[in-house]
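Engineer: Handing over structure02.cif, mmCIF, C-alpha atoms and all ligand atoms.
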data_run
loop_
_atom_site.label_atom_id
_atom_site.label_comp_id
_atom_site.auth_asym_id
_atom_site.auth_seq_id
_atom_site.Cartn_x
_atom_site.Cartn_y
_atom_site.Cartn_z
CA MET A 1 23.84 19.80 8.18
CA LYS A 2 23.66 16.09 9.02
CA THR A 3 24.47 13.68 6.18
CA ILE A 4 22.05 11.40 4.36
CA LYS A 5 23.92 8.47 5.95
CA HIS A 6 23.03 9.86 9.37
CA TYR A 7 19.34 10.05 8.45
CA LEU A 8 19.26 6.56 6.95
CA GLU A 9 20.79 5.12 10.11
CA LYS A 10 18.35 7.10 12.22
CA ALA A 11 15.48 5.74 10.09
CA GLN A 12 16.71 2.20 10.69
CA LYS A 13 16.95 2.72 14.44
CA GLU A 14 13.72 4.63 14.92
CA LYS A 15 11.71 2.73 12.31
CA PHE A 16 10.63 5.34 9.84
CA ALA A 17 11.36 5.80 6.15
CA ILE A 18 12.69 8.76 4.23
CA GLY A 19 10.67 9.62 1.15
CA GLN A 20 12.35 10.02 -2.18
CA PHE A 21 10.17 12.36 -4.20
CA ASN A 22 10.91 12.68 -7.91
CA PHE A 23 10.73 15.91 -9.85
CA SER A 24 11.54 17.23 -13.29
CA ASP A 25 10.65 20.89 -12.94
CA PHE A 26 11.13 23.65 -10.41
CA THR A 27 7.46 23.87 -9.38
CA GLN A 28 7.53 20.22 -8.28
CA MET A 29 10.85 20.74 -6.52
CA LYS A 30 9.50 23.77 -4.62
CA ALA A 31 6.38 21.84 -3.62
CA ILE A 32 8.35 18.90 -2.25
CA VAL A 33 10.66 21.21 -0.33
CA SER A 34 7.74 23.19 1.13
CA ALA A 35 6.20 19.98 2.46
CA GLY A 36 9.52 18.93 4.01
CA GLU A 37 9.95 22.35 5.56
CA LYS A 38 6.45 22.43 6.98
CA LEU A 39 6.74 18.96 8.52
CA LYS A 40 10.43 19.19 9.42
CA SER A 41 11.24 16.03 7.52
CA PRO A 42 14.46 15.02 5.80
CA ILE A 43 13.81 14.79 2.08
CA ILE A 44 15.43 12.96 -0.80
CA LEU A 45 14.82 14.68 -4.12
CA GLY A 46 14.99 12.12 -6.91
CA THR A 47 15.64 12.51 -10.61
CA SER A 48 15.66 9.61 -13.05
CA GLU A 49 17.96 9.75 -16.06
CA GLY A 50 15.14 11.28 -18.12
CA GLU A 51 14.12 13.75 -15.42
CA SER A 52 17.71 14.86 -14.83
CA LYS A 53 18.43 15.25 -18.54
CA PHE A 54 15.42 17.55 -18.79
CA PHE A 55 16.21 19.52 -15.61
CA GLY A 56 20.01 19.43 -15.77
CA LEU A 57 22.30 17.70 -13.27
CA GLN A 58 24.20 20.86 -12.39
CA GLU A 59 21.02 22.91 -12.18
CA ALA A 60 19.55 20.40 -9.71
CA VAL A 61 22.67 20.57 -7.55
CA ALA A 62 22.80 24.38 -7.64
CA LEU A 63 19.16 24.66 -6.60
CA ARG A 64 19.61 22.05 -3.86
CA ASP A 65 22.43 24.19 -2.48
CA ILE A 66 20.42 27.40 -2.62
CA ILE A 67 17.42 25.72 -0.95
CA ARG A 68 19.63 24.20 1.76
CA LYS A 69 21.16 27.57 2.50
CA LYS A 70 17.86 29.37 2.52
CA THR A 71 15.82 26.88 4.55
CA GLY A 72 18.42 24.88 6.50
CA LEU A 73 16.40 21.82 5.51
CA SER A 74 18.06 18.41 5.18
CA ILE A 75 17.51 17.78 1.48
CA PHE A 76 19.53 15.34 -0.59
CA LEU A 77 19.70 14.57 -4.29
CA ASN A 78 19.57 11.04 -5.65
CA LEU A 79 20.11 9.99 -9.25
CA ASP A 80 17.35 7.40 -9.59
CA HIS A 81 17.57 4.28 -11.82
CA GLY A 82 20.89 5.19 -13.44
CA LYS A 83 21.62 2.47 -15.96
CA SER A 84 25.29 3.08 -16.73
CA PHE A 85 28.50 3.84 -14.85
CA GLU A 86 29.12 6.81 -17.18
CA TYR A 87 25.87 8.59 -16.33
CA LEU A 88 26.18 7.94 -12.62
CA LYS A 89 29.71 9.33 -12.75
CA GLU A 90 28.31 12.52 -14.29
CA ALA A 91 25.79 12.82 -11.45
CA ILE A 92 28.48 12.20 -8.83
CA ASP A 93 30.78 14.77 -10.43
CA ALA A 94 27.93 17.28 -10.54
CA GLY A 95 27.50 16.93 -6.77
CA TYR A 96 24.60 14.50 -6.18
CA ASP A 97 24.52 13.09 -2.63
CA MET A 98 23.63 9.56 -3.68
CA VAL A 99 23.12 7.49 -6.82
CA HIS A 100 20.99 4.47 -7.59
CA PHE A 101 22.57 2.00 -9.97
CA ASP A 102 19.84 -0.07 -11.58
CA GLY A 103 21.45 -3.13 -13.10
CA SER A 104 18.38 -5.22 -12.47
CA LYS A 105 17.97 -6.16 -16.12
CA MET A 106 21.53 -7.48 -16.27
CA PRO A 107 22.57 -10.97 -15.27
CA LEU A 108 23.56 -10.93 -11.57
CA GLU A 109 27.31 -11.17 -12.23
CA GLU A 110 27.26 -8.20 -14.60
CA ASN A 111 25.07 -6.23 -12.18
CA ILE A 112 27.65 -6.92 -9.45
CA LYS A 113 30.57 -5.96 -11.68
CA THR A 114 29.16 -2.55 -12.65
CA ALA A 115 27.85 -1.84 -9.15
CA LYS A 116 31.38 -2.41 -7.81
CA GLU A 117 32.76 0.15 -10.27
CA VAL A 118 30.09 2.68 -9.22
CA VAL A 119 30.78 2.08 -5.51
CA LYS A 120 34.53 2.48 -6.00
CA TYR A 121 34.07 5.85 -7.72
CA ALA A 122 31.29 7.10 -5.43
CA LYS A 123 33.11 6.22 -2.19
CA LYS A 124 36.04 8.43 -3.16
CA LYS A 125 33.63 11.36 -3.35
CA GLY A 126 31.62 10.48 -0.24
CA VAL A 127 28.52 9.64 -2.30
CA LEU A 128 26.18 6.81 -1.26
CA VAL A 129 25.18 4.06 -3.68
CA GLU A 130 21.89 2.17 -3.89
CA GLY A 131 21.99 -1.12 -5.78
CA GLU A 132 19.09 -3.18 -7.07
CA VAL A 133 18.48 -6.91 -7.26
CA GLY A 134 15.31 -8.43 -8.70
CA ARG A 135 13.09 -6.77 -11.26
CA ILE A 136 10.59 -4.21 -10.08
CA GLY A 137 7.52 -4.62 -12.27
CA THR A 138 7.07 -2.03 -15.07
CA ASP A 139 9.53 0.64 -16.09
CA SER A 140 7.67 3.93 -16.05
CA SER A 141 6.02 6.06 -13.41
CA LYS A 142 2.75 6.50 -15.28
CA LEU A 143 -0.88 5.37 -15.39
CA TYR A 144 -1.44 1.86 -16.74
CA SER A 145 -4.71 0.73 -18.27
CA GLU A 146 -3.39 -2.54 -19.67
CA LYS A 147 -3.03 -5.50 -17.35
CA PHE A 148 0.38 -6.67 -16.26
CA GLU A 149 1.43 -9.29 -13.87
CA ILE A 150 4.25 -9.41 -11.33
CA LYS A 151 6.08 -12.65 -11.96
CA GLU A 152 7.43 -14.67 -9.05
CA GLU A 153 10.78 -15.01 -10.81
CA ASP A 154 11.16 -11.21 -10.88
CA LEU A 155 10.99 -10.88 -7.10
CA THR A 156 14.31 -10.48 -5.27
CA LYS A 157 15.87 -13.78 -4.28
CA PRO A 158 17.27 -13.39 -0.74
CA GLU A 159 20.45 -15.31 -1.61
CA ASP A 160 21.11 -13.08 -4.67
CA ALA A 161 20.61 -10.00 -2.49
CA GLU A 162 23.07 -11.35 0.07
CA LYS A 163 25.71 -12.10 -2.57
CA PHE A 164 25.22 -8.72 -4.25
CA VAL A 165 25.56 -6.73 -1.03
CA LYS A 166 28.56 -8.72 0.18
CA GLU A 167 30.46 -8.30 -3.07
CA THR A 168 29.55 -4.73 -4.04
CA LYS A 169 29.45 -3.03 -0.62
CA VAL A 170 26.56 -0.79 -1.67
CA ASP A 171 25.00 1.39 1.04
CA LEU A 172 21.37 0.59 0.25
CA LEU A 173 19.53 -2.09 -1.65
CA ALA A 174 16.36 -1.71 -3.72
CA VAL A 175 14.27 -4.85 -3.60
CA SER A 176 11.49 -6.25 -5.75
CA ILE A 177 8.78 -7.40 -3.35
CA GLY A 178 5.59 -6.92 -5.34
CA THR A 179 5.38 -3.19 -5.96
CA PHE A 180 5.48 -1.79 -9.48
CA HIS A 181 6.24 1.61 -10.99
CA GLY A 182 3.12 3.57 -11.82
CA ILE A 183 -0.52 3.18 -10.93
CA ASP A 184 -2.93 0.59 -12.31
CA ILE A 185 -6.04 2.63 -13.11
CA SER A 186 -8.30 -0.37 -12.65
CA GLY A 187 -7.50 0.03 -8.94
CA VAL A 188 -5.22 -3.00 -8.51
CA CYS A 189 -2.82 -2.31 -5.61
CA PRO A 190 0.59 -3.89 -5.27
CA ASN A 191 0.53 -7.19 -3.45
CA LEU A 192 3.38 -6.62 -1.04
CA ARG A 193 5.37 -9.78 -0.30
CA LEU A 194 6.31 -9.11 3.29
CA ASP A 195 7.42 -12.73 3.64
CA ILE A 196 10.15 -12.16 1.04
CA LEU A 197 11.10 -8.81 2.61
CA GLU A 198 11.60 -10.56 5.94
CA LYS A 199 13.80 -13.23 4.39
CA ILE A 200 15.92 -10.61 2.63
CA LYS A 201 16.26 -8.52 5.77
CA GLY A 202 17.29 -11.63 7.69
CA LYS A 203 20.36 -11.86 5.46
CA MET A 204 21.17 -8.14 5.37
CA GLY A 205 22.04 -7.17 8.93
CA LYS A 206 22.03 -3.39 9.17
CA MET A 207 21.74 -2.73 5.43
CA GLY A 208 18.88 -0.33 4.65
CA LEU A 209 16.34 -1.55 2.10
CA VAL A 210 14.51 0.58 -0.43
CA LEU A 211 10.96 0.26 -1.67
CA HIS A 212 10.39 1.46 -5.22
CA GLY A 213 7.02 1.91 -6.86
CA GLY A 214 5.60 3.50 -3.71
CA SER A 215 2.62 5.11 -5.47
CA GLY A 216 -0.66 3.37 -4.80
CA THR A 217 0.72 1.18 -2.02
CA PRO A 218 -1.77 1.03 0.87
CA GLU A 219 -0.77 2.68 4.15
CA ASP A 220 -0.89 -0.52 6.20
CA ASP A 221 1.49 -2.25 3.81
CA ILE A 222 3.86 0.72 3.90
CA LYS A 223 3.92 0.61 7.70
CA GLU A 224 4.54 -3.14 7.77
CA ALA A 225 7.35 -2.74 5.25
CA ILE A 226 8.99 -0.04 7.40
CA ASN A 227 8.73 -2.36 10.41
CA ARG A 228 10.60 -4.99 8.42
CA GLY A 229 13.55 -2.85 7.36
CA ILE A 230 12.50 -0.44 4.58
CA VAL A 231 14.22 2.92 5.21
CA LYS A 232 13.60 4.73 1.93
CA ILE A 233 10.45 4.82 -0.19
CA ASN A 234 10.29 6.22 -3.72
CA ILE A 235 7.26 8.15 -4.91
CA ASN A 236 6.79 9.52 -8.38
CA THR A 237 3.50 8.72 -10.15
CA GLU A 238 1.25 10.15 -7.45
CA LEU A 239 3.18 13.43 -7.65
CA ARG A 240 2.93 13.46 -11.44
CA VAL A 241 -0.81 12.85 -11.28
CA ALA A 242 -1.25 15.59 -8.68
CA PHE A 243 0.75 18.03 -10.81
CA SER A 244 -0.82 17.33 -14.18
CA GLY A 245 -4.37 16.37 -13.22
CA ASN A 246 -5.33 19.62 -11.48
CA LEU A 247 -3.42 21.73 -13.95
CA ARG A 248 -5.17 20.09 -16.90
CA ARG A 249 -8.59 20.60 -15.35
CA PHE A 250 -7.87 24.20 -14.43
CA LEU A 251 -6.50 25.17 -17.85
CA ASP A 252 -9.35 23.42 -19.66
CA ASN A 253 -11.85 25.41 -17.60
CA ASN A 254 -9.97 28.72 -17.71
CA VAL A 255 -8.79 29.10 -21.28
CA GLU A 256 -7.96 32.77 -20.80
CA GLU A 257 -5.57 32.14 -17.91
CA VAL A 258 -2.04 32.42 -19.27
CA VAL A 259 -0.04 33.55 -16.23
CA PRO A 260 2.29 30.69 -15.28
CA TYR A 261 2.86 31.74 -11.67
CA LYS A 262 -0.89 31.68 -11.16
CA PHE A 263 -1.73 28.29 -12.63
CA LEU A 264 1.54 26.71 -11.46
CA ALA A 265 0.72 27.74 -7.89
CA LEU A 266 -2.21 25.36 -8.14
CA ALA A 267 0.00 22.51 -9.34
CA LYS A 268 2.49 23.27 -6.56
CA ASN A 269 -0.23 23.09 -3.97
CA SER A 270 -1.41 19.67 -5.20
CA VAL A 271 2.10 18.20 -5.19
CA GLU A 272 2.76 19.64 -1.74
CA LYS A 273 -0.37 17.99 -0.33
CA VAL A 274 0.59 14.54 -1.65
CA THR A 275 4.13 14.94 -0.32
CA GLU A 276 2.81 15.90 3.11
CA LEU A 277 0.58 12.83 3.21
CA LYS A 278 3.50 10.57 2.35
CA ILE A 279 5.83 12.16 4.91
CA LYS A 280 3.23 11.49 7.61
CA MET A 281 2.66 7.95 6.33
CA PHE A 282 6.40 7.20 6.36
CA GLY A 283 6.81 8.59 9.89
CA SER A 284 9.57 11.06 8.95
CA GLU A 285 7.77 14.14 10.31
CA ASN A 286 9.95 16.04 12.82
CA LYS A 287 12.95 13.81 12.09
CA ALA A 288 15.03 16.54 10.46
CA GLN A 289 16.58 17.76 13.66
O1 LIG A 301 12.16 5.20 -8.60
C1 LIG A 301 11.05 5.77 -8.54
C2 LIG A 301 9.93 5.12 -7.88
O2 LIG A 301 10.14 3.79 -7.70
C3 LIG A 301 8.59 5.64 -8.14
O3 LIG A 301 7.56 4.69 -8.25
O4 LIG A 301 6.04 6.02 -9.69
O5 LIG A 301 5.22 3.99 -8.54
O6 LIG A 301 5.74 6.03 -7.26
P1 LIG A 301 6.06 5.21 -8.44
ZN ZN A 302 11.94 3.07 -8.96
#
Translate the structure described by the file into structure tokens.
Ligand code: G3H
Ligand code: ZN
Structural biologist:
Amino acid sequence: MKTIKHYLEKAQKEKFAIGQFNFSDFTQMKAIVSAGEKLKSPIILGTSEGESKFFGLQEAVALRDIIRKKTGLSIFLNLDHGKSFEYLKEAIDAGYDMVHFDGSKMPLEENIKTAKEVVKYAKKKGVLVEGEVGRIGTDSSKLYSEKFEIKEEDLTKPEDAEKFVKETKVDLLAVSIGTFHGIDISGVCPNLRLDILEKIKGKMGKMGLVLHGGSGTPEDDIKEAINRGIVKININTELRVAFSGNLRRFLDNNVEEVVPYKFLALAKNSVEKVTELKIKMFGSENKAQ
């Protein structure tokens, strides 16, 4: 099987993005994999610290291996938004393919220092590292009813990104360009700052950039971002909404239904549909060859 590095380079060259789809249970994982299989797309399966603590790092790796063997699909595991070297080390030791060190709340120098430690350890094991500079608005992949505002000072400063990448030698960089984690239920979409993305890319050379907070971002913006150097896009909230929304409605209306494989099939189907839409939007269909 080709490596994740191969697919990220291919994405850069052919201008598409690989979706990172987060999961915390096996039904979601199966749904994401089914979509990838159907559309022949490389897939990154993401787990945050919370998601991986619930699912189990070793369990995620074991299932990735079984699914790879069974389907031949190019699926990769990423530890998303790891906040400490210690936890990322655990994920690397368990067998994750890549890790995302999120030191975005630290001062730049401290972010650089810890990212360097992560890179040093990961490289020895052939694991890729995603760093992050700038603060991506909001912390959780959930629905927001209260108003929040993306502050200019939280957006990635191109010169900070350049310094970070040069000093840490990360493989990918997550940037803050106007997206936020979660969905604003009043219908406010992220205001993507393509001007900032262009400036960052101008200083990055071949470095692949990552867009977090992909849920709720309009298709045109996603395509423009891919044109300007985004090679990986993270999606979580839309999958969570698809999973829980339909399930909640179904169980409320069918109080006598207690067979998990019946009602979970419905949730799987909803998550699969959203994943398929995103794969098509990101242009990664038929790229897993
Ligand atoms: O790291 C995970 C993502 O950035 C997910 O963001 O919940 O807005 O899709 P999202
Ligand atoms: Zn994120």
Engineer: Kindly compile the residues surrounding ligand LIG 301 (chain A) within 8 Å, counting only C-alpha atoms and all ligand atoms, and format them as a ChimeraX atom specification.
Structural biologist: /A:20-22,46,48,80-81,140-142,179-183,211-216,233-239
Engineer: Go through A:Thr168, A:Thr47, A:Ser24, A:Thr138 one by one, measure the shortest atom-to-atom distance of each to Ala115 (chain A) using all atoms listed in the file, and give the residue with the smallest value.
Structural biologist: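 Under the stated criterion, the closest residue is A:Thr168.
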Engineer: Go through A:Lys169, A:Lys147, A:Arg68, A:His100 and flag the residue nearest ligand ZN 302 (chain A), using all atoms listed in the file for the distances.
Structural biologist: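 Selected residue with least distance to ligand ZN 302 (chain A): A:His100.
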Engineer: Find the spatial neighbours of Lys232 (chain A), counting all atoms listed in the file, within a cut-off of 6 Å - ignore same-chain residues fewer than 2 positions away - and output them as a list in words.
Structural biologist: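 Surrounding residues, per the criterion: Ala17, Ile18, Gly19, Val210 and Ile230 of chain A.
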Engineer: By how many Å are CA of Tyr87 (chain A) and CA of Lys53 (chain A) apart?
Structural biologist: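 So the two atoms, CA of Tyr87 (chain A) and CA of Lys53 (chain A), lie 10.2 Å apart.
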Engineer: Do you know which residues lie at most 10 Å from (21.9, 15.8, 10.0), with coordinates as in the file and only C-alpha atoms counted, and could you write them as an mmCIF file with C-alpha atoms, in the frame of the given file?
Structural biologist:
data_model
loop_
_atom_site.group_PDB
_atom_site.id
_atom_site.type_symbol
_atom_site.label_atom_id
_atom_site.label_comp_id
_atom_site.auth_asym_id
_atom_site.auth_seq_id
_atom_site.Cartn_x
_atom_site.Cartn_y
_atom_site.Cartn_z
ATOM 1 C CA MET A 1 23.840 19.800 8.180
ATOM 2 C CA LYS A 2 23.660 16.090 9.020
ATOM 3 C CA THR A 3 24.470 13.680 6.180
ATOM 4 C CA ILE A 4 22.050 11.400 4.360
ATOM 5 C CA LYS A 5 23.920 8.470 5.950
ATOM 6 C CA HIS A 6 23.030 9.860 9.370
ATOM 7 C CA TYR A 7 19.340 10.050 8.450
ATOM 8 C CA LYS A 10 18.350 7.100 12.220
ATOM 9 C CA PRO A 42 14.460 15.020 5.800
ATOM 10 C CA LEU A 73 16.400 21.820 5.510
ATOM 11 C CA SER A 74 18.060 18.410 5.180
ATOM 12 C CA ILE A 75 17.510 17.780 1.480
ATOM 13 C CA LYS A 287 12.950 13.810 12.090
ATOM 14 C CA ALA A 288 15.030 16.540 10.460
ATOM 15 C CA GLN A 289 16.580 17.760 13.660
#
Engineer: Which residues, written as a short mmCIF file (atom, residue, chain, number, x, y, z; two decimals) with C-alpha atoms, in the frame of the given file, have at least one atom at most 6 Å from Tyr96 (chain A), with all atoms listed in the file counted and residues fewer than 4 positions away on the same chain left out?
Structural biologist:
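The new file selection-v6.cif reads:
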data_model
loop_
_atom_site.label_atom_id
_atom_site.label_comp_id
_atom_site.auth_asym_id
_atom_site.auth_seq_id
_atom_site.Cartn_x
_atom_site.Cartn_y
_atom_site.Cartn_z
CA LEU A 77 19.70 14.57 -4.29
CA ALA A 91 25.79 12.82 -11.45
CA ILE A 92 28.48 12.20 -8.83
#
